[in-house]
file coords.pdb (PDB, C-alpha atoms)
ATOM      1  CA  MET A  38     -51.485  48.969 -84.164
ATOM      2  CA  THR A  39     -52.599  46.248 -81.796
ATOM      3  CA  ASP A  40     -55.489  46.391 -79.381
ATOM      4  CA  THR A  41     -52.982  46.624 -76.526
ATOM      5  CA  ASP A  42     -51.384  49.755 -78.008
ATOM      6  CA  THR A  43     -54.800  51.341 -78.471
ATOM      7  CA  ALA A  44     -55.709  50.675 -74.861
ATOM      8  CA  LEU A  45     -52.463  52.263 -73.657
ATOM      9  CA  GLN A  46     -53.085  55.555 -75.474
ATOM     10  CA  PRO A  47     -54.385  58.360 -73.191
ATOM     11  CA  LYS A  48     -58.103  59.090 -73.560
ATOM     12  CA  LYS A  49     -59.159  62.558 -74.677
ATOM     13  CA  ARG A  50     -61.169  64.338 -72.037
ATOM     14  CA  GLY A  51     -63.448  67.396 -72.388
ATOM     15  CA  LEU A  52     -63.631  70.348 -70.051
ATOM     16  CA  THR A  53     -64.402  69.653 -66.431
ATOM     17  CA  ARG A  54     -67.493  71.093 -64.784
ATOM     18  CA  ARG A  55     -65.414  73.733 -62.998
ATOM     19  CA  GLN A  56     -63.708  74.745 -66.231
ATOM     20  CA  LYS A  57     -67.066  75.033 -67.974
ATOM     21  CA  ARG A  58     -68.384  77.306 -65.217
ATOM     22  CA  ALA A  59     -65.242  79.443 -65.415
ATOM     23  CA  LEU A  60     -65.572  79.670 -69.197
ATOM     24  CA  SER A  61     -69.255  80.610 -68.900
ATOM     25  CA  ARG A  62     -68.474  83.361 -66.386
ATOM     26  CA  GLY A  63     -65.687  84.664 -68.582
ATOM     27  CA  VAL A  64     -68.021  84.908 -71.571
ATOM     28  CA  GLN A  65     -70.659  86.714 -69.472
ATOM     29  CA  TYR A  66     -68.099  89.196 -68.145
ATOM     30  CA  ALA A  67     -66.814  89.826 -71.670
ATOM     31  CA  VAL A  68     -70.338  90.461 -72.996
ATOM     32  CA  PHE A  69     -71.095  92.807 -70.084
ATOM     33  CA  ALA A  70     -67.836  94.715 -70.564
ATOM     34  CA  ALA A  71     -68.521  95.025 -74.295
ATOM     35  CA  ALA A  72     -72.024  96.387 -73.597
ATOM     36  CA  VAL A  73     -70.655  98.963 -71.118
ATOM     37  CA  ILE A  74     -67.957 100.070 -73.565
ATOM     38  CA  ALA A  75     -70.486 100.349 -76.394
ATOM     39  CA  PHE A  76     -72.824 102.414 -74.198
ATOM     40  CA  ALA A  77     -69.999 104.698 -73.080
ATOM     41  CA  ALA A  78     -68.782 105.163 -76.644
ATOM     42  CA  THR A  79     -72.160 105.945 -78.193
ATOM     43  CA  ALA A  80     -73.809 108.042 -75.434
ATOM     44  CA  ASP A  81     -73.859 111.812 -75.807
ATOM     45  CA  TRP A  82     -72.345 112.705 -72.449
ATOM     46  CA  GLY A  83     -72.447 116.412 -73.148
ATOM     47  CA  ARG A  84     -76.224 116.479 -73.532
ATOM     48  CA  LEU A  85     -76.647 114.225 -70.493
ATOM     49  CA  GLN A  86     -74.540 116.558 -68.395
ATOM     50  CA  ASN A  87     -76.467 119.626 -69.574
ATOM     51  CA  GLN A  88     -79.799 117.999 -68.726
ATOM     52  CA  PHE A  89     -79.016 116.059 -65.534
ATOM     53  CA  ALA A  90     -75.836 117.438 -63.967
ATOM     54  CA  GLN A  91     -76.017 121.201 -63.614
ATOM     55  CA  ALA A  92     -74.116 122.043 -60.441
ATOM     56  CA  ASP A  93     -75.688 125.499 -60.029
ATOM     57  CA  ILE A  94     -79.216 124.033 -60.131
ATOM     58  CA  ALA A  95     -78.263 121.269 -57.705
ATOM     59  CA  LYS A  96     -76.903 123.842 -55.250
ATOM     60  CA  GLN A  97     -80.230 125.682 -55.286
ATOM     61  CA  MET A  98     -81.923 122.566 -53.890
ATOM     62  CA  PHE A  99     -79.949 122.605 -50.638
ATOM     63  CA  PRO A 100     -80.699 122.581 -47.796
ATOM     64  CA  ASP A 101     -84.446 122.263 -48.557
ATOM     65  CA  VAL A 102     -84.033 118.917 -50.304
ATOM     66  CA  ILE A 103     -82.748 117.493 -46.999
ATOM     67  CA  THR A 104     -84.495 119.550 -44.331
ATOM     68  CA  LEU A 105     -87.883 119.532 -46.071
ATOM     69  CA  ALA A 106     -88.259 116.902 -48.806
ATOM     70  CA  LEU A 107     -86.176 114.094 -47.313
ATOM     71  CA  LYS A 108     -87.520 114.793 -43.833
ATOM     72  CA  ASN A 109     -91.121 114.536 -45.068
ATOM     73  CA  THR A 110     -90.340 111.353 -46.975
ATOM     74  CA  VAL A 111     -88.887 109.732 -43.858
ATOM     75  CA  LEU A 112     -91.858 110.861 -41.731
ATOM     76  CA  TYR A 113     -94.357 109.547 -44.269
ATOM     77  CA  THR A 114     -92.519 106.231 -44.443
ATOM     78  CA  LEU A 115     -92.207 105.701 -40.697
ATOM     79  CA  SER A 116     -95.829 106.640 -39.995
ATOM     80  CA  GLY A 117     -97.054 104.298 -42.737
ATOM     81  CA  PHE A 118     -94.798 101.524 -41.449
ATOM     82  CA  VAL A 119     -96.150 101.843 -37.903
ATOM     83  CA  VAL A 120     -99.777 101.752 -39.095
ATOM     84  CA  GLY A 121     -99.039  98.819 -41.400
ATOM     85  CA  LEU A 122     -97.215  96.900 -38.666
ATOM     86  CA  VAL A 123    -100.046  97.277 -36.149
ATOM     87  CA  LEU A 124    -102.737  96.396 -38.690
ATOM     88  CA  GLY A 125    -100.609  93.588 -40.141
ATOM     89  CA  MET A 126    -100.133  92.073 -36.693
ATOM     90  CA  LEU A 127    -103.883  92.120 -36.122
ATOM     91  CA  LEU A 128    -104.552  90.527 -39.511
ATOM     92  CA  ALA A 129    -101.921  87.837 -38.917
ATOM     93  CA  LEU A 130    -103.514  86.855 -35.602
ATOM     94  CA  MET A 131    -106.918  86.809 -37.282
ATOM     95  CA  ARG A 132    -105.564  84.486 -39.998
ATOM     96  CA  LEU A 133    -104.321  82.121 -37.293
ATOM     97  CA  SER A 134    -107.506  82.353 -35.228
ATOM     98  CA  SER A 135    -109.749  79.346 -34.687
ATOM     99  CA  VAL A 136    -112.766  81.611 -35.277
ATOM    100  CA  GLY A 137    -113.868  81.204 -38.892
ATOM    101  CA  PRO A 138    -115.186  84.750 -39.558
ATOM    102  CA  TYR A 139    -111.891  86.250 -38.355
ATOM    103  CA  ARG A 140    -109.932  84.081 -40.790
ATOM    104  CA  TRP A 141    -112.274  84.908 -43.667
ATOM    105  CA  LEU A 142    -112.188  88.666 -43.036
ATOM    106  CA  ALA A 143    -108.402  88.672 -42.821
ATOM    107  CA  SER A 144    -108.063  86.552 -45.956
ATOM    108  CA  VAL A 145    -110.398  88.816 -47.952
ATOM    109  CA  TYR A 146    -108.530  91.949 -46.832
ATOM    110  CA  ILE A 147    -105.128  90.481 -47.661
ATOM    111  CA  GLU A 148    -106.160  89.237 -51.099
ATOM    112  CA  ILE A 149    -107.824  92.537 -52.031
ATOM    113  CA  PHE A 150    -105.087  94.897 -50.858
ATOM    114  CA  ARG A 151    -102.275  92.751 -52.223
ATOM    115  CA  GLY A 152    -103.986  92.752 -55.609
ATOM    116  CA  LEU A 153    -104.677  96.495 -55.845
ATOM    117  CA  PRO A 154    -101.994  98.962 -57.003
ATOM    118  CA  ALA A 155    -100.801 101.330 -54.287
ATOM    119  CA  LEU A 156    -101.858 104.288 -56.474
ATOM    120  CA  LEU A 157    -105.515 103.245 -56.245
ATOM    121  CA  ILE A 158    -105.268 103.020 -52.463
ATOM    122  CA  PHE A 159    -103.949 106.587 -52.306
ATOM    123  CA  ILE A 160    -106.771 107.812 -54.533
ATOM    124  CA  PHE A 161    -109.285 105.913 -52.392
ATOM    125  CA  VAL A 162    -107.988 107.521 -49.199
ATOM    126  CA  GLY A 163    -107.840 110.991 -50.748
ATOM    127  CA  VAL A 164    -111.186 110.943 -52.587
ATOM    128  CA  ALA A 165    -113.470 108.095 -51.515
ATOM    129  CA  VAL A 166    -113.078 108.457 -47.746
ATOM    130  CA  PRO A 167    -114.111 112.174 -47.657
ATOM    131  CA  LEU A 168    -117.072 111.383 -49.916
ATOM    132  CA  ALA A 169    -118.171 108.441 -47.782
ATOM    133  CA  PHE A 170    -117.853 110.381 -44.520
ATOM    134  CA  PRO A 171    -118.646 114.032 -45.322
ATOM    135  CA  GLY A 172    -117.547 116.559 -42.768
ATOM    136  CA  THR A 173    -114.927 114.274 -41.210
ATOM    137  CA  GLU A 174    -111.182 114.744 -41.430
ATOM    138  CA  ILE A 175    -108.489 112.120 -41.073
ATOM    139  CA  PRO A 176    -106.370 113.092 -38.034
ATOM    140  CA  GLY A 177    -103.010 114.556 -38.948
ATOM    141  CA  GLY A 178    -104.049 116.080 -42.264
ATOM    142  CA  THR A 179    -101.809 115.019 -45.139
ATOM    143  CA  TYR A 180     -99.502 113.100 -42.793
ATOM    144  CA  GLY A 181    -102.476 111.126 -41.486
ATOM    145  CA  LYS A 182    -103.719 110.374 -45.000
ATOM    146  CA  VAL A 183    -100.298 109.163 -46.115
ATOM    147  CA  ALA A 184     -99.898 107.036 -42.976
ATOM    148  CA  LEU A 185    -103.310 105.466 -43.591
ATOM    149  CA  ALA A 186    -102.693 104.851 -47.305
ATOM    150  CA  LEU A 187     -99.222 103.373 -46.819
ATOM    151  CA  GLY A 188    -100.457 101.397 -43.815
ATOM    152  CA  LEU A 189    -103.337  99.860 -45.775
ATOM    153  CA  VAL A 190    -100.962  98.869 -48.567
ATOM    154  CA  SER A 191     -98.220  97.420 -46.377
ATOM    155  CA  ALA A 192    -100.470  95.716 -43.824
ATOM    156  CA  ALA A 193    -101.504  93.014 -46.295
ATOM    157  CA  TYR A 194     -97.879  92.082 -46.988
ATOM    158  CA  MET A 195     -96.762  92.409 -43.373
ATOM    159  CA  ALA A 196     -99.639  90.206 -42.226
ATOM    160  CA  GLU A 197     -98.437  87.305 -44.340
ATOM    161  CA  THR A 198     -94.837  87.875 -43.228
ATOM    162  CA  ILE A 199     -95.826  87.931 -39.542
ATOM    163  CA  ARG A 200     -98.043  84.880 -39.940
ATOM    164  CA  ALA A 201     -95.179  82.957 -41.541
ATOM    165  CA  GLY A 202     -92.865  84.021 -38.712
ATOM    166  CA  ILE A 203     -95.318  82.870 -36.041
ATOM    167  CA  GLN A 204     -95.773  79.517 -37.748
ATOM    168  CA  ALA A 205     -91.985  79.140 -38.018
ATOM    169  CA  VAL A 206     -91.646  79.141 -34.216
ATOM    170  CA  PRO A 207     -91.534  75.512 -33.014
ATOM    171  CA  LYS A 208     -94.854  74.316 -31.589
ATOM    172  CA  GLY A 209     -93.028  73.103 -28.519
ATOM    173  CA  GLN A 210     -92.607  76.738 -27.438
ATOM    174  CA  MET A 211     -96.353  77.161 -27.057
ATOM    175  CA  GLU A 212     -96.694  73.790 -25.332
ATOM    176  CA  ALA A 213     -93.908  74.697 -22.880
ATOM    177  CA  ALA A 214     -95.524  78.054 -22.118
ATOM    178  CA  ARG A 215     -98.897  76.397 -21.546
ATOM    179  CA  SER A 216     -97.327  73.876 -19.196
ATOM    180  CA  LEU A 217     -95.973  76.771 -17.140
ATOM    181  CA  GLY A 218     -99.477  78.162 -16.697
ATOM    182  CA  PHE A 219     -99.498  80.788 -19.466
ATOM    183  CA  SER A 220    -102.816  81.466 -21.147
ATOM    184  CA  PRO A 221    -102.826  81.119 -24.966
ATOM    185  CA  ALA A 222    -102.954  84.913 -25.409
ATOM    186  CA  LYS A 223    -100.172  85.575 -22.897
ATOM    187  CA  ALA A 224     -98.020  82.822 -24.389
ATOM    188  CA  MET A 225     -98.499  84.291 -27.857
ATOM    189  CA  VAL A 226     -97.583  87.825 -26.755
ATOM    190  CA  SER A 227     -94.742  86.939 -24.377
ATOM    191  CA  ILE A 228     -93.164  83.875 -26.005
ATOM    192  CA  ILE A 229     -94.187  83.321 -29.635
ATOM    193  CA  VAL A 230     -94.375  86.838 -31.087
ATOM    194  CA  PRO A 231     -90.902  87.973 -29.864
ATOM    195  CA  GLN A 232     -89.320  84.876 -31.407
ATOM    196  CA  ALA A 233     -91.289  85.375 -34.609
ATOM    197  CA  PHE A 234     -90.086  88.968 -34.941
ATOM    198  CA  ARG A 235     -86.466  87.868 -34.700
ATOM    199  CA  ILE A 236     -87.160  85.603 -37.671
ATOM    200  CA  ILE A 237     -89.035  88.143 -39.788
ATOM    201  CA  LEU A 238     -86.912  91.212 -39.038
ATOM    202  CA  PRO A 239     -85.089  91.103 -42.427
ATOM    203  CA  PRO A 240     -88.274  90.966 -44.559
ATOM    204  CA  LEU A 241     -89.885  93.672 -42.428
ATOM    205  CA  THR A 242     -86.865  95.914 -43.002
ATOM    206  CA  ASN A 243     -87.153  95.191 -46.710
ATOM    207  CA  GLU A 244     -90.812  96.257 -46.531
ATOM    208  CA  LEU A 245     -89.611  99.524 -44.994
ATOM    209  CA  VAL A 246     -87.423 100.097 -48.053
ATOM    210  CA  LEU A 247     -90.396  99.491 -50.352
ATOM    211  CA  LEU A 248     -92.558 101.898 -48.348
ATOM    212  CA  PHE A 249     -89.859 104.554 -48.588
ATOM    213  CA  LYS A 250     -90.175 104.426 -52.374
ATOM    214  CA  ASP A 251     -93.988 104.155 -52.348
ATOM    215  CA  SER A 252     -94.159 107.401 -50.372
ATOM    216  CA  SER A 253     -93.653 109.180 -53.704
ATOM    217  CA  LEU A 254     -97.361 108.551 -54.389
ATOM    218  CA  VAL A 255     -98.258 111.233 -51.859
ATOM    219  CA  LEU A 256     -98.431 113.747 -54.713
ATOM    220  CA  PHE A 257    -101.807 112.236 -55.712
ATOM    221  CA  LEU A 258    -103.259 113.409 -52.399
ATOM    222  CA  GLY A 259    -102.443 117.033 -53.125
ATOM    223  CA  VAL A 260     -99.825 118.550 -50.857
ATOM    224  CA  THR A 261     -98.690 122.034 -49.909
ATOM    225  CA  LEU A 262     -95.176 123.339 -50.499
ATOM    226  CA  GLU A 263     -94.226 122.438 -46.922
ATOM    227  CA  GLU A 264     -95.591 118.888 -47.268
ATOM    228  CA  ARG A 265     -93.716 117.880 -50.434
ATOM    229  CA  GLU A 266     -91.631 114.704 -50.426
ATOM    230  CA  LEU A 267     -88.588 113.999 -52.590
ATOM    231  CA  SER A 268     -90.333 113.107 -55.849
ATOM    232  CA  LYS A 269     -92.739 116.044 -55.743
ATOM    233  CA  PHE A 270     -89.931 118.387 -54.686
ATOM    234  CA  GLY A 271     -87.729 117.236 -57.587
ATOM    235  CA  ARG A 272     -90.515 117.407 -60.153
ATOM    236  CA  ASP A 273     -91.534 120.936 -59.144
ATOM    237  CA  LEU A 274     -87.989 122.243 -59.454
ATOM    238  CA  ALA A 275     -87.465 120.379 -62.710
ATOM    239  CA  SER A 276     -90.521 122.149 -64.146
ATOM    240  CA  THR A 277     -89.361 125.513 -62.823
ATOM    241  CA  THR A 278     -85.800 125.221 -64.144
ATOM    242  CA  ALA A 279     -86.663 123.271 -67.332
ATOM    243  CA  ASN A 280     -83.878 120.882 -66.346
ATOM    244  CA  SER A 281     -83.802 117.321 -64.966
ATOM    245  CA  THR A 282     -80.994 117.876 -62.457
ATOM    246  CA  PRO A 283     -83.463 118.126 -59.513
ATOM    247  CA  ILE A 284     -84.849 114.705 -60.399
ATOM    248  CA  LEU A 285     -81.343 113.223 -60.328
ATOM    249  CA  VAL A 286     -80.607 114.834 -56.968
ATOM    250  CA  ALA A 287     -83.897 113.511 -55.573
ATOM    251  CA  GLY A 288     -82.979 110.038 -56.811
ATOM    252  CA  LEU A 289     -79.605 110.263 -55.074
ATOM    253  CA  CYS A 290     -81.387 111.209 -51.846
ATOM    254  CA  TYR A 291     -83.508 108.057 -52.160
ATOM    255  CA  LEU A 292     -80.337 105.999 -52.574
ATOM    256  CA  LEU A 293     -78.849 107.738 -49.538
ATOM    257  CA  VAL A 294     -81.462 105.918 -47.442
ATOM    258  CA  THR A 295     -82.282 102.744 -49.388
ATOM    259  CA  ILE A 296     -78.706 101.516 -49.931
ATOM    260  CA  PRO A 297     -77.775 101.490 -46.199
ATOM    261  CA  LEU A 298     -81.126  99.850 -45.382
ATOM    262  CA  SER A 299     -80.549  97.194 -48.051
ATOM    263  CA  PHE A 300     -77.097  96.548 -46.583
ATOM    264  CA  VAL A 301     -78.669  96.123 -43.129
ATOM    265  CA  VAL A 302     -81.175  93.632 -44.571
ATOM    266  CA  ARG A 303     -78.405  91.544 -46.142
ATOM    267  CA  ARG A 304     -76.436  91.545 -42.892
ATOM    268  CA  MET A 305     -79.453  90.424 -40.898
ATOM    269  CA  GLU A 306     -80.244  87.686 -43.415
ATOM    270  CA  SER A 307     -76.669  86.378 -43.302
ATOM    271  CA  LYS A 308     -76.707  86.361 -39.483
ATOM    272  CA  ALA A 309     -80.026  84.526 -39.503
ATOM    273  CA  GLN A 310     -78.630  81.876 -41.839
ATOM    274  CA  GLU A 311     -75.544  81.482 -39.640
ATOM    275  CA  ALA A 312     -77.754  81.017 -36.590
ATOM    276  CA  ILE A 313     -79.721  78.270 -38.372
ATOM    277  CA  ARG A 314     -76.525  76.451 -39.256
TER     278      ARG A 314
END
call {"tool": "encode", "arguments": {"input": "coords.pdb", "output": "C-alpha cells"}}
result
Amino acid sequence: MTDTDTALQPKKRGLTRRQKRALSRGVQYAVFAAAVIAFAATADWGRLQNQFAQADIAKQMFPDVITLALKNTVLYTLSGFVVGLVLGMLLALMRLSSVGPYRWLASVYIEIFRGLPALLIFIFVGVAVPLAFPGTEIPGGTYGKVALALGLVSAAYMAETIRAGIQAVPKGQMEAARSLGFSPAKAMVSIIVPQAFRIILPPLTNELVLLFKDSSLVLFLGVTLEERELSKFGRDLASTTANSTPILVAGLCYLLVTIPLSFVVRRMESKAQEAIR
C-alpha cells in the first residue's frame, strides 16, 4: 500500500464533545434509576406505612395542624423577618457609613451572629436576657421572643445582602440625585434603596424560606399548647400516639409553604437575569 492510498483512507475519529456529554448523562440517569429501583425493592414498605402513614392519626391532626400550628409558624416567621429586615437595613447602612465606629460595630455584629448557631441565639433570648434584666419582659411574650431571636439571626445575613444590593446600584444614580439637590440621606432613601431592593428581592425571599424552617427552634423557649408551631405540634402528637405520622404531616405542611416560595424565588431570579440581558 502506497503512501497515497494511506492518505486517502478515512481517519478514525472518537466521540464528539456533545456525544460524550450525552453518554455521561445517560450513565448518570442509569445509575440513579438503578439506585431508586434497589431502594424500592429492598425497603419494607409495610413497616414504613405503619409508622408514618396512618390515615386515622393524620385525620386527628386536622384542623389544628393548620389553624394552630401552621398559623403560629407563619406568624413567627413573618415577625422575625420584619425585625431582621429593619435591623439588617440599619446594619447595612452602618457598614457603608463613613464613620469608623459605625462600620466596626456593624462588622462585629455581623461576624458574631453569622458564626453562632441559631439554637444558641434562641437560648440566649430565652435565658440570658431575663437574667441580665430581671423583672423585665420582652413585649409580646413568646411571639416577641421568637421575633427577636429570629430577627437577630437573620439580620446579620440580610445586612450583607442589603449592602451588596446598595453597592450594585450604579454610582451615577447617587451623583444624579445629588445634582438635583437631594441630600445624601434623602438620595439613599428615595433613589438608591428602592433600586437595591429590586435587586435583592430574590435572596430576601430565600431568607424568608430559611426563617420559616428555623422557626422550629421555638420549642427551646418553652411554649404553651396554644403557642406550638409545626415541629412542636408534630412531636407532641407523635409522643402521644407512639407513631411518626404526625411528624410526616408536619413536614408536608412545611413543604406546603416552602415549595411555592422557592418557585417564586426562581421566577424572580430568572426575571432579574432577563432584565440584565
call {"tool": "atom_distance", "arguments": {"input": "coords.pdb", "atom1": "atom CA of Leu298 of chain A", "atom2": "atom CA of Val246 of chain A"}}
result
6.8 Å
call {"tool": "resolve_selection", "arguments": {"input": "coords.pdb", "expression": "the PyMOL selection byres ((chain A and resi 236) around 10)", "output": "JSON, numbers by chain"}}
result
{"A": [198, 199, 201, 202, 203, 205, 206, 230, 231, 232, 233, 234, 235, 237, 238, 239, 240, 241, 305, 306, 309]}
call {"tool": "resolve_selection", "arguments": {"input": "coords.pdb", "expression": "the PyMOL selection byres ((chain A and resi 99-114) around 9)", "output": "count of residues only"}}
result
36
call {"tool": "atom_distance", "arguments": {"input": "coords.pdb", "atom1": "atom CA of Phe89 of chain A", "atom2": "atom CA of Val73 of chain A"}}
result
19.8 Å
call {"tool": "atom_distance", "arguments": {"input": "coords.pdb", "atom1": "atom CA of Tyr139 of chain A", "atom2": "atom CA of Leu185 of chain A"}}
result
21.7 Å
call {"tool": "closest_residue", "arguments": {"input": "coords.pdb", "among": "A:Ser220, A:Ser134, A:Thr278, A:Ser61", "to": "Arg200 of chain A", "atoms": "only C-alpha atoms"}}
result
A:Ser134
call {"tool": "resolve_selection", "arguments": {"input": "coords.pdb", "expression": "the PyMOL selection byres ((chain A and resi 123) around 12)", "output": "PyMOL selection string"}}
result
chain A and resi 116-122+124-130+184-185+188-189+191-193+195-196+199
call {"tool": "closest_residue", "arguments": {"input": "coords.pdb", "among": "A:Ser144, A:Thr295, A:Ser276, A:Gln86", "to": "Asn243 of chain A", "atoms": "only C-alpha atoms"}}
result
A:Thr295
call {"tool": "closest_residue", "arguments": {"input": "coords.pdb", "among": "A:Arg272, A:Val301, A:Asp81, A:Lys308", "to": "Leu285 of chain A", "atoms": "all atoms listed in the file"}}
result
A:Arg272
call {"tool": "residues_around", "arguments": {"input": "coords.pdb", "residues": "segment 209-216 of chain A", "least_positions_apart": "5", "cutoff": "10 Å", "atoms": "only C-alpha atoms", "output": "VMD selection string"}}
result
chain A and resid 221 223 to 225 227 to 229 232
call {"tool": "closest_residue", "arguments": {"input": "coords.pdb", "among": "A:Ser281, A:Arg304, A:Ala186, A:Thr261", "to": "Phe150 of chain A", "atoms": "all atoms listed in the file"}}
result
A:Ala186
call {"tool": "residues_near_point", "arguments": {"input": "coords.pdb", "point": "(-103.8, 103.0, -54.4)", "cutoff": "10 Å", "atoms": "all atoms listed in the file", "output": "list in words"}}
result
Phe150, Leu153, Pro154, Ala155, Leu156, Leu157, Ile158, Phe159, Ile160, Phe161, Val162, Gly163, Ala186, Leu187, Leu189, Val190, Leu254 and Phe257 of chain A
call {"tool": "build_atoms", "arguments": {"input": "coords.pdb", "residues": "segment 159-174 of chain A", "atoms": "N, CA, C and O atoms", "output": "short mmCIF file (atom, residue, chain, number, x, y, z; two decimals), in the coordinates of the input"}}
result
data_model
loop_
_atom_site.label_atom_id
_atom_site.label_comp_id
_atom_site.auth_asym_id
_atom_site.auth_seq_id
_atom_site.Cartn_x
_atom_site.Cartn_y
_atom_site.Cartn_z
N PHE A 159 -104.13 105.17 -52.61
CA PHE A 159 -103.95 106.59 -52.31
C PHE A 159 -105.14 107.40 -52.81
O PHE A 159 -105.62 108.31 -52.11
N ILE A 160 -105.61 107.10 -54.00
CA ILE A 160 -106.77 107.81 -54.53
C ILE A 160 -108.00 107.52 -53.69
O ILE A 160 -108.82 108.42 -53.42
N PHE A 161 -108.15 106.28 -53.24
CA PHE A 161 -109.28 105.91 -52.39
C PHE A 161 -109.27 106.70 -51.09
O PHE A 161 -110.29 107.24 -50.66
N VAL A 162 -108.09 106.79 -50.47
CA VAL A 162 -107.99 107.52 -49.20
C VAL A 162 -108.23 109.02 -49.41
O VAL A 162 -108.88 109.68 -48.60
N GLY A 163 -107.72 109.56 -50.52
CA GLY A 163 -107.84 110.99 -50.75
C GLY A 163 -109.19 111.44 -51.26
O GLY A 163 -109.59 112.58 -51.04
N VAL A 164 -109.92 110.55 -51.94
CA VAL A 164 -111.19 110.94 -52.59
C VAL A 164 -112.38 110.21 -51.99
O VAL A 164 -113.38 110.84 -51.59
N ALA A 165 -112.31 108.89 -51.92
CA ALA A 165 -113.47 108.10 -51.52
C ALA A 165 -113.82 108.28 -50.04
O ALA A 165 -114.99 108.37 -49.67
N VAL A 166 -112.80 108.33 -49.19
CA VAL A 166 -113.08 108.46 -47.75
C VAL A 166 -113.80 109.77 -47.43
O VAL A 166 -114.81 109.76 -46.71
N PRO A 167 -113.35 110.94 -47.94
CA PRO A 167 -114.11 112.17 -47.66
C PRO A 167 -115.53 112.15 -48.22
O PRO A 167 -116.44 112.74 -47.62
N LEU A 168 -115.72 111.47 -49.36
CA LEU A 168 -117.07 111.38 -49.92
C LEU A 168 -117.96 110.48 -49.08
O LEU A 168 -119.16 110.75 -48.91
N ALA A 169 -117.38 109.39 -48.57
CA ALA A 169 -118.17 108.44 -47.78
C ALA A 169 -118.52 109.00 -46.41
O ALA A 169 -119.57 108.69 -45.85
N PHE A 170 -117.63 109.82 -45.86
CA PHE A 170 -117.85 110.38 -44.52
C PHE A 170 -117.72 111.90 -44.59
O PHE A 170 -116.72 112.47 -44.17
N PRO A 171 -118.73 112.57 -45.15
CA PRO A 171 -118.65 114.03 -45.32
C PRO A 171 -118.54 114.74 -43.98
O PRO A 171 -119.15 114.35 -42.99
N GLY A 172 -117.71 115.77 -43.98
CA GLY A 172 -117.55 116.56 -42.77
C GLY A 172 -116.52 116.02 -41.80
O GLY A 172 -116.25 116.64 -40.77
N THR A 173 -115.94 114.85 -42.10
CA THR A 173 -114.93 114.27 -41.21
C THR A 173 -113.55 114.45 -41.83
O THR A 173 -113.40 114.47 -43.06
N GLU A 174 -112.56 114.58 -40.98
CA GLU A 174 -111.18 114.74 -41.43
C GLU A 174 -110.32 113.66 -40.81
O GLU A 174 -110.48 113.31 -39.63
#
